[in-house]
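Asker: Contents of model_22.cif (mmCIF, C-alpha atoms) are given next:
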```cif
data_start
loop_
_atom_site.label_atom_id
_atom_site.label_comp_id
_atom_site.auth_asym_id
_atom_site.auth_seq_id
_atom_site.Cartn_x
_atom_site.Cartn_y
_atom_site.Cartn_z
CA MET X 1 106.18 95.33 145.46
CA SER X 2 104.11 97.79 143.42
CA PRO X 3 100.38 98.08 144.06
CA SER X 4 98.06 95.86 142.04
CA LEU X 5 96.99 97.56 138.84
CA SER X 6 94.04 96.46 136.75
CA LEU X 7 94.44 97.26 133.09
CA SER X 8 91.63 96.99 130.60
CA PHE X 9 91.64 97.85 126.96
CA PRO X 10 88.08 98.34 125.63
CA PRO X 11 87.41 98.03 121.91
CA PRO X 12 88.21 101.27 120.08
CA LEU X 13 85.40 103.66 119.35
CA ALA X 14 84.03 103.83 115.84
CA ALA X 15 86.43 106.06 113.93
CA PRO X 16 85.30 109.20 112.11
CA ARG X 17 85.63 109.06 108.35
CA ALA X 18 88.85 111.14 108.36
CA TRP X 19 90.64 108.82 110.76
CA PHE X 20 93.39 106.50 109.65
CA HIS X 21 92.21 102.87 109.73
CA ARG X 22 94.71 100.17 110.53
CA PRO X 23 94.22 96.45 109.86
CA THR X 24 94.08 93.97 112.70
CA LEU X 25 97.42 93.76 114.49
CA ILE X 26 99.23 90.50 115.04
CA LEU X 27 101.88 91.11 117.69
CA THR X 28 104.95 88.93 117.98
CA LEU X 29 107.62 89.56 120.61
CA THR X 30 111.24 88.82 119.76
CA ARG X 31 114.28 88.29 121.95
CA PHE X 32 116.85 91.03 121.85
CA THR X 33 119.21 93.13 123.93
CA PRO X 34 117.42 95.88 125.92
CA LEU X 35 118.46 99.48 125.90
CA PRO X 36 120.91 100.33 128.71
CA HIS X 37 119.32 101.08 132.09
CA SER X 38 115.79 100.64 130.76
CA PRO X 39 113.21 97.91 131.35
CA LEU X 40 111.49 98.91 128.15
CA ARG X 41 111.58 96.88 124.97
CA ILE X 42 111.32 98.66 121.66
CA ASP X 43 111.98 95.79 119.29
CA LEU X 44 108.71 94.55 117.88
CA ARG X 45 108.41 93.88 114.16
CA ARG X 46 105.11 95.36 113.14
CA ARG X 47 104.68 95.78 109.43
CA SER X 48 100.96 95.86 108.72
CA ARG X 49 99.75 99.21 107.48
CA SER X 50 96.65 100.63 105.88
CA PRO X 51 96.55 100.90 102.09
CA THR X 52 95.35 104.48 102.49
CA ALA X 53 97.74 106.73 100.59
CA MET X 54 99.24 109.74 102.37
CA SER X 55 101.55 112.03 100.46
CA SER X 56 104.09 112.70 103.23
CA VAL X 57 104.54 109.10 104.36
CA HIS X 58 107.52 107.60 102.60
CA ARG X 59 107.48 103.87 101.86
CA LEU X 60 110.79 102.61 103.17
CA GLN X 61 112.65 100.20 100.91
CA ALA X 62 115.46 98.65 102.92
CA PRO X 63 116.68 95.07 103.46
CA LEU X 64 115.37 95.01 107.04
CA LEU X 65 111.99 96.53 106.23
CA LYS X 66 109.04 95.49 104.19
CA PRO X 67 107.16 98.41 102.61
CA SER X 68 106.12 100.28 105.74
CA GLU X 69 106.48 103.58 107.52
CA GLU X 70 107.00 102.41 111.09
CA LEU X 71 110.42 102.51 112.71
CA ALA X 72 109.89 99.70 115.18
CA ASP X 73 113.40 99.37 116.57
CA GLU X 74 116.87 100.83 116.45
CA SER X 75 117.80 98.86 113.35
CA ASP X 76 114.96 100.55 111.48
CA PHE X 77 116.34 103.94 112.47
CA GLU X 78 119.64 102.86 110.91
CA THR X 79 117.94 102.81 107.52
CA ILE X 80 117.25 106.55 107.63
CA VAL X 81 120.65 107.69 108.93
CA SER X 82 122.24 110.07 106.44
CA SER X 83 125.66 109.50 104.94
CA ASP X 84 127.17 111.86 107.52
CA GLY X 85 125.66 109.96 110.46
CA LEU X 86 122.69 112.22 111.19
CA VAL X 87 118.98 111.56 111.74
CA SER X 88 116.24 114.08 110.97
CA ILE X 89 113.58 114.76 113.61
CA CYS X 90 110.20 116.31 112.87
CA GLY X 91 108.83 118.72 115.51
CA PHE X 92 105.15 119.60 115.74
CA GLY X 93 104.49 120.86 119.30
CA SER X 94 107.06 122.06 121.80
CA LEU X 95 109.77 121.33 119.21
CA LEU X 96 108.43 124.19 117.10
CA SER X 97 110.60 126.20 119.49
CA GLU X 98 114.31 125.99 118.73
CA ARG X 99 115.09 126.88 122.33
CA SER X 100 112.89 124.05 123.55
CA ALA X 101 114.39 121.67 121.00
CA ARG X 102 117.90 122.56 122.15
CA SER X 103 116.96 121.90 125.76
CA THR X 104 116.38 118.29 124.69
CA PHE X 105 118.90 118.05 121.84
CA PRO X 106 121.75 120.47 122.70
CA ASP X 107 123.78 119.49 119.63
CA LEU X 108 121.04 119.64 117.01
CA ILE X 109 121.84 121.30 113.68
CA ASN X 110 119.97 122.78 110.72
CA PHE X 111 116.76 123.79 112.53
CA ARG X 112 114.26 124.78 109.83
CA VAL X 113 110.57 125.06 108.96
CA ALA X 114 108.81 122.48 106.79
CA ARG X 115 105.41 121.20 105.79
CA LEU X 116 103.96 117.75 106.44
CA ASN X 117 100.93 116.50 104.56
CA GLY X 118 98.43 113.88 105.69
CA PHE X 119 98.60 114.39 109.48
CA ARG X 120 96.80 116.34 112.20
CA ARG X 121 97.77 117.20 115.78
CA VAL X 122 95.64 115.86 118.63
CA PHE X 123 95.77 116.34 122.40
CA ALA X 124 94.71 112.78 123.24
CA HIS X 125 97.18 111.02 125.54
CA VAL X 126 98.24 111.29 129.16
CA ALA X 127 101.86 112.31 129.83
CA PRO X 128 103.54 111.22 133.10
CA ILE X 129 106.02 114.10 132.88
CA PHE X 130 103.21 116.55 133.68
CA PHE X 131 102.51 114.66 136.92
CA GLU X 132 106.22 114.54 137.75
CA ARG X 133 106.52 118.30 137.27
CA GLY X 134 103.33 119.13 139.13
CA ILE X 135 101.51 120.74 136.22
CA ALA X 136 98.89 118.04 135.55
CA LYS X 137 95.35 118.77 136.78
CA PRO X 138 93.65 115.37 137.05
CA GLU X 139 90.65 116.91 138.80
CA THR X 140 89.76 118.76 135.57
CA LYS X 141 91.30 116.16 133.24
CA GLU X 142 93.79 118.77 131.98
CA ILE X 143 96.51 116.15 131.64
CA SER X 144 97.00 115.64 127.91
CA SER X 145 100.10 115.97 125.80
CA LEU X 146 100.28 116.21 122.02
CA SER X 147 100.77 113.69 119.24
CA VAL X 148 99.93 113.46 115.56
CA GLU X 149 97.85 110.95 113.66
CA PRO X 150 97.27 110.32 109.97
CA CYS X 151 94.39 112.32 108.54
CA GLU X 152 93.79 112.66 104.83
CA GLY X 153 93.59 116.22 103.61
CA GLU X 154 95.33 117.80 106.62
CA THR X 155 98.62 119.71 106.41
CA LEU X 156 100.90 120.75 109.27
CA ILE X 157 103.65 123.32 109.47
CA VAL X 158 106.44 121.63 111.38
CA THR X 159 110.13 121.96 112.09
CA VAL X 160 112.90 119.61 111.06
CA PHE X 161 116.40 119.33 112.47
CA GLU X 162 119.20 116.79 112.64
CA ILE X 163 120.69 114.92 115.59
CA LYS X 164 123.59 112.50 115.81
CA LYS X 165 122.98 108.81 115.25
CA SER X 166 124.31 108.16 118.76
CA GLU X 167 121.32 110.04 120.22
CA ILE X 168 118.75 107.60 118.83
CA PRO X 169 118.57 105.20 121.83
CA ALA X 170 117.97 108.04 124.29
CA PHE X 171 115.37 109.54 121.95
CA MET X 172 113.49 106.25 121.69
CA LYS X 173 113.54 105.77 125.45
CA ARG X 174 112.36 109.32 126.14
CA GLU X 175 109.47 109.14 123.64
CA LEU X 176 108.40 105.60 124.51
CA GLU X 177 104.63 106.23 124.37
CA PHE X 178 104.72 107.08 120.66
CA ARG X 179 104.75 105.17 117.40
CA PHE X 180 107.82 106.21 115.39
CA LEU X 181 107.13 106.86 111.72
CA GLY X 182 109.49 107.68 108.88
CA VAL X 183 107.93 110.56 106.95
CA LEU X 184 109.01 112.80 104.11
CA PRO X 185 108.42 116.49 104.84
CA GLU X 186 108.61 119.14 102.17
CA THR X 187 109.69 122.74 102.00
CA LEU X 188 107.05 125.43 102.24
CA ASP X 189 107.16 125.77 98.45
CA GLY X 190 106.47 122.07 97.97
CA LYS X 191 109.90 120.50 97.35
CA ALA X 192 110.30 117.10 99.03
CA PHE X 193 113.19 116.66 101.44
CA ASP X 194 116.05 114.35 100.49
CA ASN X 195 115.89 112.33 103.72
CA LEU X 196 113.17 110.86 105.88
CA ALA X 197 112.42 112.43 109.26
CA VAL X 198 111.25 110.70 112.43
CA LEU X 199 107.73 111.60 113.56
CA CYS X 200 106.24 110.73 116.97
CA ALA X 201 102.73 109.54 116.13
CA ARG X 202 99.76 108.12 117.99
CA TYR X 203 100.30 104.71 119.59
CA SER X 204 97.76 102.54 121.45
CA ASP X 205 97.30 101.25 124.98
CA GLU X 206 97.39 97.62 123.85
CA GLU X 207 100.67 98.01 122.00
CA PHE X 208 102.26 100.09 124.75
CA PHE X 209 101.44 97.49 127.38
CA GLN X 210 102.33 94.42 125.34
CA ILE X 211 105.41 95.83 123.56
CA ARG X 212 106.97 98.63 125.59
CA CYS X 213 106.06 96.98 128.91
CA GLU X 214 106.27 93.35 127.67
CA GLY X 215 102.91 92.71 129.27
CA SER X 216 104.36 93.54 132.71
CA LYS X 217 102.17 95.44 135.17
CA GLU X 218 105.29 96.25 137.17
CA ILE X 219 106.89 98.06 134.23
CA TYR X 220 103.61 99.80 133.44
CA PHE X 221 103.36 100.92 137.07
CA GLN X 222 106.82 102.54 136.87
CA HIS X 223 105.68 104.78 134.02
CA TYR X 224 101.94 105.32 134.45
CA GLY X 225 100.37 103.22 137.19
CA GLN X 226 102.01 105.16 140.00
CA TYR X 227 99.94 108.15 138.87
CA ASN X 228 96.72 106.09 138.85
CA ILE X 229 96.66 106.15 135.06
CA ASP X 230 95.12 102.97 133.69
CA LYS X 231 94.55 104.28 130.16
CA ILE X 232 96.96 106.43 128.14
CA TRP X 233 95.22 107.20 124.86
CA ARG X 234 91.85 108.75 125.63
CA ASP X 235 89.11 110.88 124.12
CA ASP X 236 87.87 112.43 127.38
CA ILE X 237 90.87 114.53 128.41
CA LEU X 238 92.00 118.11 127.85
CA PRO X 239 95.42 119.66 127.21
CA CYS X 240 97.74 120.33 130.11
CA ARG X 241 97.35 124.09 130.46
CA VAL X 242 101.04 124.93 130.87
CA TYR X 243 102.04 122.71 127.97
CA LEU X 244 99.35 124.01 125.62
CA ARG X 245 100.42 127.59 126.29
CA HIS X 246 104.03 126.58 125.62
CA CYS X 247 103.15 125.00 122.26
CA VAL X 248 101.03 127.95 121.15
CA LEU X 249 103.82 130.39 122.00
CA ALA X 250 106.36 128.18 120.21
CA ALA X 251 104.23 128.25 117.06
CA LYS X 252 103.65 132.00 117.35
CA ASN X 253 107.36 132.69 117.74
CA LEU X 254 108.14 130.52 114.73
CA SER X 255 105.97 132.42 112.24
CA GLU X 256 102.47 133.75 111.69
CA ALA X 257 101.77 130.86 109.31
CA ALA X 258 102.92 128.31 111.90
CA TYR X 259 100.81 130.01 114.57
CA ASN X 260 97.61 129.94 112.52
CA ASN X 261 98.32 126.40 111.39
CA PHE X 262 98.70 125.27 114.99
CA LEU X 263 95.46 126.94 116.07
CA ASP X 264 93.42 125.54 113.18
CA HIS X 265 95.00 122.11 112.63
CA THR X 266 95.39 120.99 116.24
CA PHE X 267 92.42 119.34 117.91
CA LEU X 268 91.15 118.32 121.30
CA ALA X 269 90.65 114.60 121.84
CA ASP X 270 87.15 114.86 120.36
CA ARG X 271 88.78 115.50 116.95
CA LYS X 272 86.24 118.29 116.38
CA THR X 273 87.27 121.24 118.53
CA THR X 274 90.28 123.17 117.24
CA ILE X 275 92.70 124.84 119.62
CA ARG X 276 91.57 128.22 118.31
CA GLU X 277 88.00 127.37 119.33
CA TYR X 278 89.09 125.91 122.67
CA LEU X 279 91.12 128.97 123.67
CA ALA X 280 88.08 131.14 122.95
CA THR X 281 85.76 129.00 125.08
CA GLY X 282 86.63 126.39 127.72
CA GLY X 283 90.35 127.14 127.56
CA SER X 284 90.05 130.89 127.84
CA GLY X 285 92.63 132.34 130.19
CA ILE X 286 95.29 129.72 129.48
CA MET X 287 97.48 132.10 127.49
CA GLU X 288 97.49 134.61 130.36
CA GLU X 289 98.69 132.07 132.93
CA GLU X 290 102.39 131.91 133.80
CA PRO X 291 104.16 128.58 134.36
CA PRO X 292 105.62 127.84 137.80
CA GLU X 293 108.81 129.80 138.39
CA SER X 294 111.01 126.70 138.07
CA LEU X 295 109.49 125.90 134.66
CA LYS X 296 109.29 129.37 133.10
CA THR X 297 112.24 128.75 130.81
CA ARG X 298 111.30 125.17 129.96
CA TYR X 299 107.70 126.09 129.14
CA GLY X 300 108.18 129.63 127.93
CA GLY X 301 107.49 129.05 124.25
#
```
Would you mind writing the structure in this file as structure tokens?

Answerer:
Amino acid sequence: MSPSLSLSFPPPLAAPRAWFHRPTLILTLTRFTPLPHSPLRIDLRRRSRSPTAMSSVHRLQAPLLKPSEELADESDFETIVSSDGLVSICGFGSLLSERSARSTFPDLINFRVARLNGFRRVFAHVAPIFFERGIAKPETKEISSLSVEPCEGETLIVTVFEIKKSEIPAFMKRELEFRFLGVLPETLDGKAFDNLAVLCARYSDEEFFQIRCEGSKEIYFQHYGQYNIDKIWRDDILPCRVYLRHCVLAAKNLSEAAYNNFLDHTFLADRKTTIREYLATGGSGIMEEEPPESLKTRYGG
């Protein structure tokens, strides 16, 4: 039996003016068939969204979806599958590196650069994989991975590529801590893409526990509790050093524009300090540090 784990979800902090405000959530669990070999459930119908307009978020119009951007379950992903059975993925961190993307999606095609309006990058959630790989530093709170969140007026340089429809279940399982959004990137000269792309956006502790873990402390323990993590999305943590270096190198290797965009449009959890500022102050020295030998290829930019 797993150790007892006390979970508490305090009310969210007052959001800065640029944050994306969501209406009150009403969560309803439905019965369905779970993904193979996974205790997780990714099948909640959540359709409430803010009226705030964001140029890159495409309002889906499909029989199974009310006007909304969230891809709550596999059937929602079906609505954005192209006629040739492919799904577009939007990369904003490690997936700025084609080599890194191919380590996760070996059969990806059409890797290219794009622009996404109305979002910013934030290092604001704890990632178990860093604990598993021995690169988390809980003593200094350098344990954060990267996500994106809606932010009016922000623009990101991202990558887009296609994967097979059959890869969707594994993708959803692997990225379980995120909210999946259907967004419409554009080319660097401003032409909108023909198809939606999947974006891994900020989620919440309440939704993760109630939806992904079905309110089960045992399931939560399997993914986070075993690392003494009782809160995932936080504003008091710093980037995992190895991972931050990897993302910066990925952006730099992509293009000068992508590099500068990453430095100036990626923030610490305080939503004030840019990565450029952090690397010049508290994070100085990170770019000179080498990953562990076993992870040099995986986290080599």

Asker: Let me know the residues the PyMOL selection byres ((chain X and resi 101) around 12) catches in the file above, as a PyMOL selection string.

Answerer: chain X and resi 89-100+102-112+159-163+247+250+298-299+301

Asker: Applying the PyMOL selection byres ((chain X and resi 256-266) around 7) to the file I just gave you, which residues come out? Please list them as a count of residues only.

Answerer: 14

Asker: Between X:Lys231, X:Arg133, X:Lys191, X:Arg115, which residue has the minimum interatomic distance to X:Glu206, considering only C-alpha atoms?

Answerer: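 For X:Glu206, the nearest of the candidates is X:Lys231.
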
Asker: The PyMOL selection byres ((chain X and resi 202) around 8) - which residues does that actually catch in the file I just gave you? List them as a ChimeraX atom specification.

Answerer: /X:147-149,178-179,200-201,203-204

Asker: Using only C-alpha atoms, which of the listed residues (X:Asp73, X:Asp236, X:Glu152, X:Asp189) sits closest to X:Thr140?

Answerer: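 Between X:Asp73, X:Asp236, X:Glu152, X:Asp189, the residue approaching X:Thr140 most closely is X:Asp236.
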
Asker: Looking at only C-alpha atoms, which of X:Glu289, X:Glu175, X:Glu142, X:Asp76 is the one that sits closest to X:Phe130?

Answerer: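 Under the stated criterion, the closest residue is X:Glu142.
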
Asker: Between atom CA of X:Cys151 and atom CA of X:Leu181, what is the distance in Å, rounded to a tenth?

Answerer: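 Atom-to-atom, atom CA of X:Cys151 and atom CA of X:Leu181 are spaced 14.2 Å apart.
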
Asker: So the first atom is atom CA of X:Ile168 and the second is atom CA of X:Glu70; what is the distance between them in Å, to one decimal place?

Answerer: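 Atom CA of X:Ile168 sits 15.0 Å away from atom CA of X:Glu70.
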
Asker: If I take atom CA of X:Leu244 and atom CA of X:Ala127, how far is one from the other in Å, to one decimal?

Answerer: 12.7 Å

Asker: Could you complete stretch 162-194 of chain X so that it carries N, CA and C atoms, and give it back as an mmCIF file, in the frame of the given file?

Answerer:
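This went into result-v5.cif:
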```cif
data_model
loop_
_atom_site.group_PDB
_atom_site.id
_atom_site.type_symbol
_atom_site.label_atom_id
_atom_site.label_comp_id
_atom_site.auth_asym_id
_atom_site.auth_seq_id
_atom_site.Cartn_x
_atom_site.Cartn_y
_atom_site.Cartn_z
ATOM 1 N N GLU X 162 118.421 118.027 112.616
ATOM 2 C CA GLU X 162 119.200 116.790 112.640
ATOM 3 C C GLU X 162 119.879 116.579 113.995
ATOM 4 N N ILE X 163 119.939 115.318 114.400
ATOM 5 C CA ILE X 163 120.690 114.920 115.590
ATOM 6 C C ILE X 163 121.661 113.817 115.204
ATOM 7 N N LYS X 164 122.606 113.548 116.083
ATOM 8 C CA LYS X 164 123.590 112.500 115.810
ATOM 9 C C LYS X 164 122.951 111.119 115.956
ATOM 10 N N LYS X 165 123.445 110.198 115.181
ATOM 11 C CA LYS X 165 122.980 108.810 115.250
ATOM 12 C C LYS X 165 123.082 108.260 116.666
ATOM 13 N N SER X 166 124.097 108.669 117.403
ATOM 14 C CA SER X 166 124.310 108.160 118.760
ATOM 15 C C SER X 166 123.209 108.580 119.729
ATOM 16 N N GLU X 167 122.396 109.565 119.354
ATOM 17 C CA GLU X 167 121.320 110.040 120.220
ATOM 18 C C GLU X 167 120.019 109.257 120.052
ATOM 19 N N ILE X 168 119.982 108.338 119.116
ATOM 20 C CA ILE X 168 118.750 107.600 118.830
ATOM 21 C C ILE X 168 118.246 106.797 120.023
ATOM 22 N N PRO X 169 119.091 105.985 120.696
ATOM 23 C CA PRO X 169 118.570 105.200 121.830
ATOM 24 C C PRO X 169 117.917 106.049 122.907
ATOM 25 N N ALA X 170 118.539 107.167 123.259
ATOM 26 C CA ALA X 170 117.970 108.040 124.290
ATOM 27 C C ALA X 170 116.657 108.653 123.801
ATOM 28 N N PHE X 171 116.600 108.995 122.527
ATOM 29 C CA PHE X 171 115.370 109.540 121.950
ATOM 30 C C PHE X 171 114.237 108.532 122.025
ATOM 31 N N MET X 172 114.508 107.292 121.661
ATOM 32 C CA MET X 172 113.490 106.250 121.690
ATOM 33 C C MET X 172 112.995 105.999 123.113
ATOM 34 N N LYS X 173 113.904 106.005 124.054
ATOM 35 C CA LYS X 173 113.540 105.770 125.450
ATOM 36 C C LYS X 173 112.686 106.924 125.991
ATOM 37 N N ARG X 174 113.058 108.140 125.627
ATOM 38 C CA ARG X 174 112.360 109.320 126.140
ATOM 39 C C ARG X 174 110.943 109.434 125.559
ATOM 40 N N GLU X 175 110.763 109.008 124.319
ATOM 41 C CA GLU X 175 109.470 109.140 123.640
ATOM 42 C C GLU X 175 108.751 107.805 123.541
ATOM 43 N N LEU X 176 108.838 106.996 124.572
ATOM 44 C CA LEU X 176 108.400 105.600 124.510
ATOM 45 C C LEU X 176 106.911 105.418 124.268
ATOM 46 N N GLU X 177 106.081 106.425 124.540
ATOM 47 C CA GLU X 177 104.630 106.230 124.370
ATOM 48 C C GLU X 177 104.174 106.421 122.931
ATOM 49 N N PHE X 178 105.103 106.787 122.038
ATOM 50 C CA PHE X 178 104.720 107.080 120.660
ATOM 51 C C PHE X 178 105.041 105.940 119.698
ATOM 52 N N ARG X 179 104.387 105.994 118.544
ATOM 53 C CA ARG X 179 104.750 105.170 117.400
ATOM 54 C C ARG X 179 105.701 106.011 116.547
ATOM 55 N N PHE X 180 106.853 105.467 116.193
ATOM 56 C CA PHE X 180 107.820 106.210 115.390
ATOM 57 C C PHE X 180 107.558 105.929 113.907
ATOM 58 N N LEU X 181 107.356 106.988 113.151
ATOM 59 C CA LEU X 181 107.130 106.860 111.720
ATOM 60 C C LEU X 181 108.239 107.562 110.949
ATOM 61 N N GLY X 182 108.588 107.005 109.802
ATOM 62 C CA GLY X 182 109.490 107.680 108.880
ATOM 63 C C GLY X 182 108.655 108.432 107.859
ATOM 64 N N VAL X 183 108.751 109.742 107.851
ATOM 65 C CA VAL X 183 107.930 110.560 106.950
ATOM 66 C C VAL X 183 108.817 111.449 106.101
ATOM 67 N N LEU X 184 108.257 111.944 105.024
ATOM 68 C CA LEU X 184 109.010 112.800 104.110
ATOM 69 C C LEU X 184 108.389 114.195 104.085
ATOM 70 N N PRO X 185 108.940 115.119 104.867
ATOM 71 C CA PRO X 185 108.420 116.490 104.840
ATOM 72 C C PRO X 185 108.779 117.157 103.510
ATOM 73 N N GLU X 186 108.261 118.351 103.341
ATOM 74 C CA GLU X 186 108.610 119.140 102.170
ATOM 75 C C GLU X 186 108.815 120.584 102.579
ATOM 76 N N THR X 187 109.504 121.321 101.736
ATOM 77 C CA THR X 187 109.690 122.740 102.000
ATOM 78 C C THR X 187 108.352 123.451 101.860
ATOM 79 N N LEU X 188 108.302 124.687 102.305
ATOM 80 C CA LEU X 188 107.050 125.430 102.240
ATOM 81 C C LEU X 188 106.601 125.699 100.803
ATOM 82 N N ASP X 189 107.544 125.600 99.856
ATOM 83 C CA ASP X 189 107.160 125.770 98.450
ATOM 84 C C ASP X 189 106.966 124.430 97.738
ATOM 85 N N GLY X 190 106.889 123.342 98.528
ATOM 86 C CA GLY X 190 106.470 122.070 97.970
ATOM 87 C C GLY X 190 107.552 121.122 97.496
ATOM 88 N N LYS X 191 108.820 121.397 97.771
ATOM 89 C CA LYS X 191 109.900 120.500 97.350
ATOM 90 C C LYS X 191 110.154 119.457 98.434
ATOM 91 N N ALA X 192 110.104 118.184 98.056
ATOM 92 C CA ALA X 192 110.300 117.100 99.030
ATOM 93 C C ALA X 192 111.723 117.098 99.560
ATOM 94 N N PHE X 193 111.872 116.774 100.839
ATOM 95 C CA PHE X 193 113.190 116.660 101.440
ATOM 96 C C PHE X 193 113.926 115.451 100.854
ATOM 97 N N ASP X 194 115.236 115.462 100.991
ATOM 98 C CA ASP X 194 116.050 114.350 100.490
ATOM 99 C C ASP X 194 116.008 113.152 101.432
#
```
